[in-house]
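Heads up: the structure comes next, in structure tokens.
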Amino acid sequence: MDKNLFSLKGNKWRDMRATLSPTFTGSKMRGMFQLINEVGEQFVDYFKNEIQTKNNGKPMNVELKDILTRFTNDVIASAAFGVKCDSLRDRNNEFYRMGAKVSNLSTWRMFINNFCPKLAKFFRIGLIPNEVCDYLRNIVIETIKMRERENIVRPDMLQLLLDAKNGTIKQDKQKIETDNSFAAVEESNYTQIKKRIYLDEDDVAAQAFVFFMGGFDTVSIAMCFSVYELALHPELQERLYLENEQVLSENNGKLTYDVLNKMKYLDMVISETLRKYPPPIFLDRICDKPYTVQIDGKEITLEKGTILTIPLYAMHTDPNYFPEPEKFDPHRFSDENADKIVPLTYIPFGSGPRNCIASRFALMEAKTAVYFMVKHFEILPNEKSIIPPRITTKRINVTMEDGFHVTLKPRNQGFI
């Protein structure tokens with residue numbers, strides 16, 4: 001799996017990024033949306049049934065990290081690997097078990113692989129257990145063989161990687177896409193002008209692995225904080241519910257990728273969540289050539305190979321950039337306020353050529369989950385809820401110290 005985009009450097013990285021970039025455009029996400037929508041409907045159906053049959057129709061207490069990690073697991077399984085899962089009903093399915101091993105990634109493994117790669121290679125200290133790598137590779141290889149043998153085409157990420165492998169994926173003809181989402185990053189021209197390469201099966205497996213690793217835990221935590229803050233702020237939750245319903249009614253009552261992106265307040269809620277609780281605590285970059293900066297009137301030269309750490313969490317919660325940073329305020333990202341945000345002080349998906357290639361997918365997934373929860377349930381705090389949220393930064397990602405405990409109350413007893 002060392003051929004994945006996270007691990008490549010220099011020209012190899014540039015060529016791979018250029019090859020993969022067309023797979024993550026808005027038009028490609030539009031094609032995959034139905035797969036995520038199906039998982040959302042399956043998710044809601046499970047809790048409606050649980051509340052009706054096991055809770056006598058009464059509100060149900062849940063821990064968000066557990067249920068939303070299962071949601072993201074099923075999304076990744078379907079949208080990236082073509083595997084159907086129902087992790088709420090089949091709680092110990094193999095795909096979920098492998099994902100749990102990734103989410104429990106130890107800090108020391110990541111540190112050694114990022115900052116001492118030669119040492120990690122010498123001692124064979126992999127970022128991910130071999131069991132997980134072998135499992136995912138086998139899924140990809142077998143699925144590729146089956147699809148090519150039976151001429152199966154499915155609108156998922158694996159199919160897009162297969163198209164890249166075969167050199168048949170097309171760059172969208174229009175200008176570089178932007179997204180209605182404030183947090184979305186724009187694909188850089190830097191990666192689009194490089195040559196594209198053809199992928200072999202190992203390349204496809206390695207890139208699918210990136211999708212698995214990046215989406216399993218990171219996105220679910222963002223969802224958890226969004227839903228948790230809405231539980232603590234019922235007035236924001238009600239506004240979100242009403243505005244989503246209005247957008248839906250104006251678009252024939254059907255949720256699509258384009259309709260989802262018209263839900264402005266939903267985007268504001270997700271954007272503020274990523275501000276207050278950025279998925280990674282920090283970003284790191286390596287200088288590929290000497291660079292001189294001016295700091296307080298002094299010149300400081302960064303030599304080639306210098307590792308730079310960008311304290312994302314500290315920057316996003318700096319009162320100099322975001323007044324009252326501890327306050328959850330989606331209005332920061334309203335049309336009248338968004339332009340006031342100082343450039344590059346809000347970068348939940350990074351910035352520049354090495355920004356997150358899958359930001360559109362992550363946002364689509366997070367918005368869909370929050371949409372379904374708010375549409376069908378009133379989300380309430382309960383006796384286990386920690387108010388205000390008490391976070392821990394002991395892990396690679398920001399998360400809650402004692403879980404995300406809320407109560408789901410059906411918005412209507414008829415479950416229409």
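Convention: chains lettered A, B, ... in structure tokens order; per-chain residue numbering from 1; ligands numbered from 1 as shown.
For Ile387 (chain A), the list of residues within 12 Å, based on only C-alpha atoms and with local chain neighbours fewer than 5 positions off taken out, reads Tyr228, Glu229, Ala231, Leu232, His233, Pro381, Asn382, Met400, Glu401, Asp402, Gly403, Phe404, His405 and Val406 of chain A.
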Just the selected residues (N, CA and C atoms), exported as a compact mmCIF listing (two decimals), in the first residue's frame, please.
```txt
# COMPACT_ATOMS: atom_id res chain seq x y z
N TYR A 228 -24.10 17.02 17.65
CA TYR A 228 -24.05 17.32 19.09
C TYR A 228 -24.32 18.81 19.34
N GLU A 229 -23.70 19.67 18.55
CA GLU A 229 -23.92 21.11 18.73
C GLU A 229 -25.38 21.48 18.42
N ALA A 231 -27.89 19.56 18.99
CA ALA A 231 -28.65 19.12 20.16
C ALA A 231 -28.58 20.16 21.28
N LEU A 232 -27.42 20.80 21.40
CA LEU A 232 -27.22 21.80 22.46
C LEU A 232 -27.82 23.15 22.09
N HIS A 233 -28.13 23.34 20.80
CA HIS A 233 -28.69 24.62 20.33
C HIS A 233 -29.97 24.34 19.53
N PRO A 381 -30.29 16.82 24.09
CA PRO A 381 -29.30 16.38 25.07
C PRO A 381 -29.97 15.50 26.12
N ASN A 382 -29.21 14.69 26.80
CA ASN A 382 -29.75 13.88 27.89
C ASN A 382 -28.81 13.93 29.10
N MET A 400 -14.54 14.01 21.46
CA MET A 400 -15.10 14.21 22.80
C MET A 400 -14.47 13.24 23.78
N GLU A 401 -14.26 13.71 24.98
CA GLU A 401 -13.58 12.91 25.99
C GLU A 401 -14.39 11.70 26.42
N ASP A 402 -15.70 11.87 26.60
CA ASP A 402 -16.53 10.77 27.11
C ASP A 402 -17.69 10.42 26.19
N GLY A 403 -17.51 10.61 24.91
CA GLY A 403 -18.55 10.23 23.96
C GLY A 403 -19.56 11.33 23.69
N PHE A 404 -20.34 11.12 22.63
CA PHE A 404 -21.35 12.09 22.18
C PHE A 404 -22.74 11.52 22.50
N HIS A 405 -23.26 11.80 23.66
CA HIS A 405 -24.53 11.20 24.10
C HIS A 405 -25.70 12.16 23.84
N VAL A 406 -26.67 11.68 23.06
CA VAL A 406 -27.87 12.47 22.77
C VAL A 406 -29.08 11.55 22.75
```
Item checked: Per-residue DSSP, region 171-348 of chain A, filtered to helix (DSSP H, G or I), as a PyMOL selection string -> chain A and resi 189-192+201-216+218-232+234-249+257-262+264-276+312-316+330-333+335-338
Note to self: With only C-alpha atoms as the counted atoms, please give the residues lying no more than 9 Å from Arg332 (chain A), apart from itself and same-chain residues fewer than 4 positions off, as a list in words.
What the structure shows: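 Within the cut-off, the hits are Met268, Ser271, Glu272, Phe322, Glu336, Asn337, Ala338, Lys340 and Ile341 of chain A.
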Next item on the list: Return the single residue from A:Val62, A:Val75, A:Cys287, A:Val227 that is closest to Asn37 (chain A), with distances computed using only C-alpha atoms.
Entry: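 Smallest distance to Asn37 (chain A) is found for A:Val75.
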Distance table requested - region 188-269 of chain A against region 119-134 of chain A, cut-off 12 Å, only C-alpha atoms: one row per qualifying residue with the closest atom pair and its distance in Å to one decimal, ordered by chain and rising residue number, as JSON lines.
```
{"residue": "A:Asp202", "atom": "CA", "partner": "A:Cys133", "partner_atom": "CA", "distance": 11.3}
{"residue": "A:Ala205", "atom": "CA", "partner": "A:Cys133", "partner_atom": "CA", "distance": 9.1}
{"residue": "A:Ala206", "atom": "CA", "partner": "A:Cys133", "partner_atom": "CA", "distance": 8.9}
{"residue": "A:Gln207", "atom": "CA", "partner": "A:Cys133", "partner_atom": "CA", "distance": 11.7}
{"residue": "A:Ala208", "atom": "CA", "partner": "A:Cys133", "partner_atom": "CA", "distance": 10.6}
{"residue": "A:Phe209", "atom": "CA", "partner": "A:Cys133", "partner_atom": "CA", "distance": 7.7}
{"residue": "A:Val210", "atom": "CA", "partner": "A:Cys133", "partner_atom": "CA", "distance": 10.8}
{"residue": "A:Phe212", "atom": "CA", "partner": "A:Val132", "partner_atom": "CA", "distance": 10.4}
{"residue": "A:Met213", "atom": "CA", "partner": "A:Ile128", "partner_atom": "CA", "distance": 9.0}
```
Print the selection's residues with C-alpha atoms to a file, as a tab-separated table (two decimals), in the first residue's frame.
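So the final result, stored in selection.tsv, reads:
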```tsv
chain	number	residue	atom	x	y	z
A	202	ASP	CA	-1.86	-2.36	-6.95
A	205	ALA	CA	-5.89	-0.85	-4.33
A	206	ALA	CA	-3.51	1.70	-2.79
A	207	GLN	CA	-5.74	4.67	-3.70
A	208	ALA	CA	-8.87	2.88	-2.48
A	209	PHE	CA	-6.99	2.35	0.77
A	210	VAL	CA	-6.53	6.13	1.10
A	212	PHE	CA	-10.81	3.96	3.49
A	213	MET	CA	-8.25	5.45	5.85
```
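Minimum distance to Phe225 (chain A) across A:Gln237, A:Thr399, A:Gln246, A:Thr53 (counting only C-alpha atoms) occurs at A:Thr399.
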Item checked: Among the residues A:Leu35, A:Leu255, A:Cys85, A:Leu380, the one that comes closest to Arg70 (chain A) [using only C-alpha atoms] ->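 Checking each of A:Leu35, A:Leu255, A:Cys85, A:Leu380 against Arg70 (chain A), counting only C-alpha atoms, the winner is A:Cys85.
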Margin query: Using only C-alpha atoms, can you tell me which of A:Phe47, A:Phe6, A:Tyr96, A:Phe24 comes closest to Leu363 (chain A)?
Written below: A:Phe24
Where does DSSP see strand (DSSP E or B) in region 155-374 of chain A, if you list the residues as an mmCIF file with N, CA and C atoms, in the first residue's frame?
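Okay, this is what ended up in states_38.cif:
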```
data_model
loop_
_atom_site.group_PDB
_atom_site.id
_atom_site.type_symbol
_atom_site.label_atom_id
_atom_site.label_comp_id
_atom_site.auth_asym_id
_atom_site.auth_seq_id
_atom_site.Cartn_x
_atom_site.Cartn_y
_atom_site.Cartn_z
ATOM 1 N N PRO A 280 -8.136 17.295 11.545
ATOM 2 C CA PRO A 280 -6.801 17.068 12.105
ATOM 3 C C PRO A 280 -6.445 18.218 13.042
ATOM 4 N N LEU A 283 -1.546 20.233 10.538
ATOM 5 C CA LEU A 283 -1.099 19.783 9.222
ATOM 6 C C LEU A 283 0.418 19.882 9.186
ATOM 7 N N ASP A 284 1.056 19.060 8.393
ATOM 8 C CA ASP A 284 2.500 19.203 8.236
ATOM 9 C C ASP A 284 2.859 19.286 6.760
ATOM 10 N N ARG A 285 3.902 20.025 6.494
ATOM 11 C CA ARG A 285 4.415 20.180 5.140
ATOM 12 C C ARG A 285 5.943 20.132 5.192
ATOM 13 N N ILE A 286 6.549 19.734 4.076
ATOM 14 C CA ILE A 286 8.003 19.671 3.978
ATOM 15 C C ILE A 286 8.460 20.622 2.881
ATOM 16 N N TYR A 291 13.462 28.572 1.412
ATOM 17 C CA TYR A 291 12.444 29.620 1.348
ATOM 18 C C TYR A 291 12.680 30.593 2.500
ATOM 19 N N THR A 292 12.671 31.876 2.196
ATOM 20 C CA THR A 292 12.922 32.895 3.211
ATOM 21 C C THR A 292 11.640 33.655 3.515
ATOM 22 N N VAL A 293 11.337 33.795 4.807
ATOM 23 C CA VAL A 293 10.143 34.521 5.236
ATOM 24 C C VAL A 293 10.553 35.655 6.168
ATOM 25 N N GLN A 294 9.708 36.680 6.225
ATOM 26 C CA GLN A 294 9.928 37.802 7.127
ATOM 27 C C GLN A 294 9.004 37.660 8.325
ATOM 28 N N ILE A 295 9.557 37.573 9.524
ATOM 29 C CA ILE A 295 8.774 37.483 10.751
ATOM 30 C C ILE A 295 9.264 38.549 11.714
ATOM 31 N N LYS A 298 12.468 40.206 10.845
ATOM 32 C CA LYS A 298 13.659 39.365 10.727
ATOM 33 C C LYS A 298 13.476 38.346 9.611
ATOM 34 N N GLU A 299 14.567 38.089 8.906
ATOM 35 C CA GLU A 299 14.532 37.076 7.859
ATOM 36 C C GLU A 299 14.843 35.701 8.443
ATOM 37 N N ILE A 300 13.988 34.751 8.141
ATOM 38 C CA ILE A 300 14.216 33.374 8.577
ATOM 39 C C ILE A 300 14.199 32.491 7.338
ATOM 40 N N THR A 301 15.260 31.727 7.157
ATOM 41 C CA THR A 301 15.360 30.850 5.995
ATOM 42 C C THR A 301 15.004 29.422 6.377
ATOM 43 N N LEU A 302 14.073 28.876 5.662
ATOM 44 C CA LEU A 302 13.681 27.480 5.843
ATOM 45 C C LEU A 302 14.425 26.659 4.796
ATOM 46 N N ILE A 307 10.651 20.396 8.102
ATOM 47 C CA ILE A 307 9.264 19.999 8.349
ATOM 48 C C ILE A 307 8.538 21.131 9.064
ATOM 49 N N LEU A 308 7.443 21.570 8.497
ATOM 50 C CA LEU A 308 6.641 22.642 9.079
ATOM 51 C C LEU A 308 5.343 22.074 9.626
ATOM 52 N N THR A 309 4.978 22.500 10.816
ATOM 53 C CA THR A 309 3.716 22.087 11.420
ATOM 54 C C THR A 309 2.774 23.282 11.476
ATOM 55 N N ILE A 310 1.583 23.111 10.940
ATOM 56 C CA ILE A 310 0.569 24.164 10.942
ATOM 57 C C ILE A 310 -0.455 23.815 12.017
#
```
Notebook entry, point to check: What does the distance between CA of Met373 (chain A) and CA of Gln42 (chain A) come to in Å, to one decimal place?
Noted result: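 Result for CA of Met373 (chain A) versus CA of Gln42 (chain A): 11.8 Å, one decimal.
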Report as a PDB file with N, CA and C atoms, in the first residue's frame all protein, DNA and RNA residues lying within 12 Å of Leu248 (chain A), evaluated on only C-alpha atoms, omitting residues in the same chain fewer than 3 positions from it.
```pdb
ATOM      1  N   TYR A 241     -33.732  22.568  10.197  1.00  0.00           N
ATOM      2  CA  TYR A 241     -34.821  21.692   9.760  1.00  0.00           C
ATOM      3  C   TYR A 241     -35.765  22.421   8.807  1.00  0.00           C
ATOM      4  N   LEU A 242     -36.183  23.624   9.189  1.00  0.00           N
ATOM      5  CA  LEU A 242     -37.148  24.374   8.383  1.00  0.00           C
ATOM      6  C   LEU A 242     -36.557  24.789   7.035  1.00  0.00           C
ATOM      7  N   GLU A 243     -35.300  25.227   7.040  1.00  0.00           N
ATOM      8  CA  GLU A 243     -34.688  25.658   5.781  1.00  0.00           C
ATOM      9  C   GLU A 243     -34.447  24.478   4.850  1.00  0.00           C
ATOM     10  N   ASN A 244     -34.057  23.335   5.411  1.00  0.00           N
ATOM     11  CA  ASN A 244     -33.884  22.138   4.582  1.00  0.00           C
ATOM     12  C   ASN A 244     -35.206  21.731   3.946  1.00  0.00           C
ATOM     13  N   GLU A 245     -36.279  21.776   4.745  1.00  0.00           N
ATOM     14  CA  GLU A 245     -37.596  21.408   4.229  1.00  0.00           C
ATOM     15  C   GLU A 245     -38.049  22.370   3.132  1.00  0.00           C
ATOM     16  N   ASN A 251     -37.807  21.880  -4.707  1.00  0.00           N
ATOM     17  CA  ASN A 251     -37.131  21.025  -5.689  1.00  0.00           C
ATOM     18  C   ASN A 251     -37.802  19.654  -5.780  1.00  0.00           C
ATOM     19  N   ASN A 252     -39.125  19.669  -5.854  1.00  0.00           N
ATOM     20  CA  ASN A 252     -39.933  18.454  -6.069  1.00  0.00           C
ATOM     21  C   ASN A 252     -39.822  17.442  -4.937  1.00  0.00           C
ATOM     22  N   GLY A 253     -39.350  17.872  -3.779  1.00  0.00           N
ATOM     23  CA  GLY A 253     -39.313  16.989  -2.615  1.00  0.00           C
ATOM     24  C   GLY A 253     -38.307  15.865  -2.695  1.00  0.00           C
ATOM     25  N   LYS A 254     -37.392  15.925  -3.654  1.00  0.00           N
ATOM     26  CA  LYS A 254     -36.420  14.842  -3.827  1.00  0.00           C
ATOM     27  C   LYS A 254     -35.015  15.330  -3.512  1.00  0.00           C
ATOM     28  N   LEU A 255     -34.313  14.578  -2.664  1.00  0.00           N
ATOM     29  CA  LEU A 255     -32.945  14.940  -2.310  1.00  0.00           C
ATOM     30  C   LEU A 255     -31.979  14.436  -3.378  1.00  0.00           C
ATOM     31  N   THR A 256     -31.228  15.351  -3.953  1.00  0.00           N
ATOM     32  CA  THR A 256     -30.181  15.013  -4.913  1.00  0.00           C
ATOM     33  C   THR A 256     -28.907  15.742  -4.489  1.00  0.00           C
ATOM     34  N   TYR A 257     -27.827  15.475  -5.180  1.00  0.00           N
ATOM     35  CA  TYR A 257     -26.563  16.153  -4.881  1.00  0.00           C
ATOM     36  C   TYR A 257     -26.714  17.663  -5.034  1.00  0.00           C
ATOM     37  N   ASP A 258     -27.386  18.090  -6.086  1.00  0.00           N
ATOM     38  CA  ASP A 258     -27.550  19.524  -6.325  1.00  0.00           C
ATOM     39  C   ASP A 258     -28.474  20.165  -5.296  1.00  0.00           C
ATOM     40  N   VAL A 259     -29.526  19.458  -4.911  1.00  0.00           N
ATOM     41  CA  VAL A 259     -30.433  19.982  -3.887  1.00  0.00           C
ATOM     42  C   VAL A 259     -29.698  20.091  -2.553  1.00  0.00           C
ATOM     43  N   LEU A 260     -28.899  19.093  -2.227  1.00  0.00           N
ATOM     44  CA  LEU A 260     -28.112  19.124  -0.991  1.00  0.00           C
ATOM     45  C   LEU A 260     -27.223  20.365  -0.955  1.00  0.00           C
ATOM     46  N   ASN A 261     -26.620  20.697  -2.081  1.00  0.00           N
ATOM     47  CA  ASN A 261     -25.723  21.850  -2.135  1.00  0.00           C
ATOM     48  C   ASN A 261     -26.461  23.185  -2.150  1.00  0.00           C
ATOM     49  N   LYS A 262     -27.780  23.151  -2.306  1.00  0.00           N
ATOM     50  CA  LYS A 262     -28.573  24.375  -2.211  1.00  0.00           C
ATOM     51  C   LYS A 262     -28.952  24.687  -0.762  1.00  0.00           C
ATOM     52  N   MET A 263     -28.716  23.756   0.135  1.00  0.00           N
ATOM     53  CA  MET A 263     -29.082  23.938   1.540  1.00  0.00           C
ATOM     54  C   MET A 263     -28.008  24.773   2.232  1.00  0.00           C
ATOM     55  N   TYR A 371     -28.380  15.881   7.416  1.00  0.00           N
ATOM     56  CA  TYR A 371     -29.701  16.105   6.818  1.00  0.00           C
ATOM     57  C   TYR A 371     -30.690  15.035   7.268  1.00  0.00           C
ATOM     58  N   LYS A 375     -33.898  15.756   9.683  1.00  0.00           N
ATOM     59  CA  LYS A 375     -35.200  15.621   9.020  1.00  0.00           C
ATOM     60  C   LYS A 375     -36.129  14.690   9.788  1.00  0.00           C
TER      61      LYS A 375
END
```
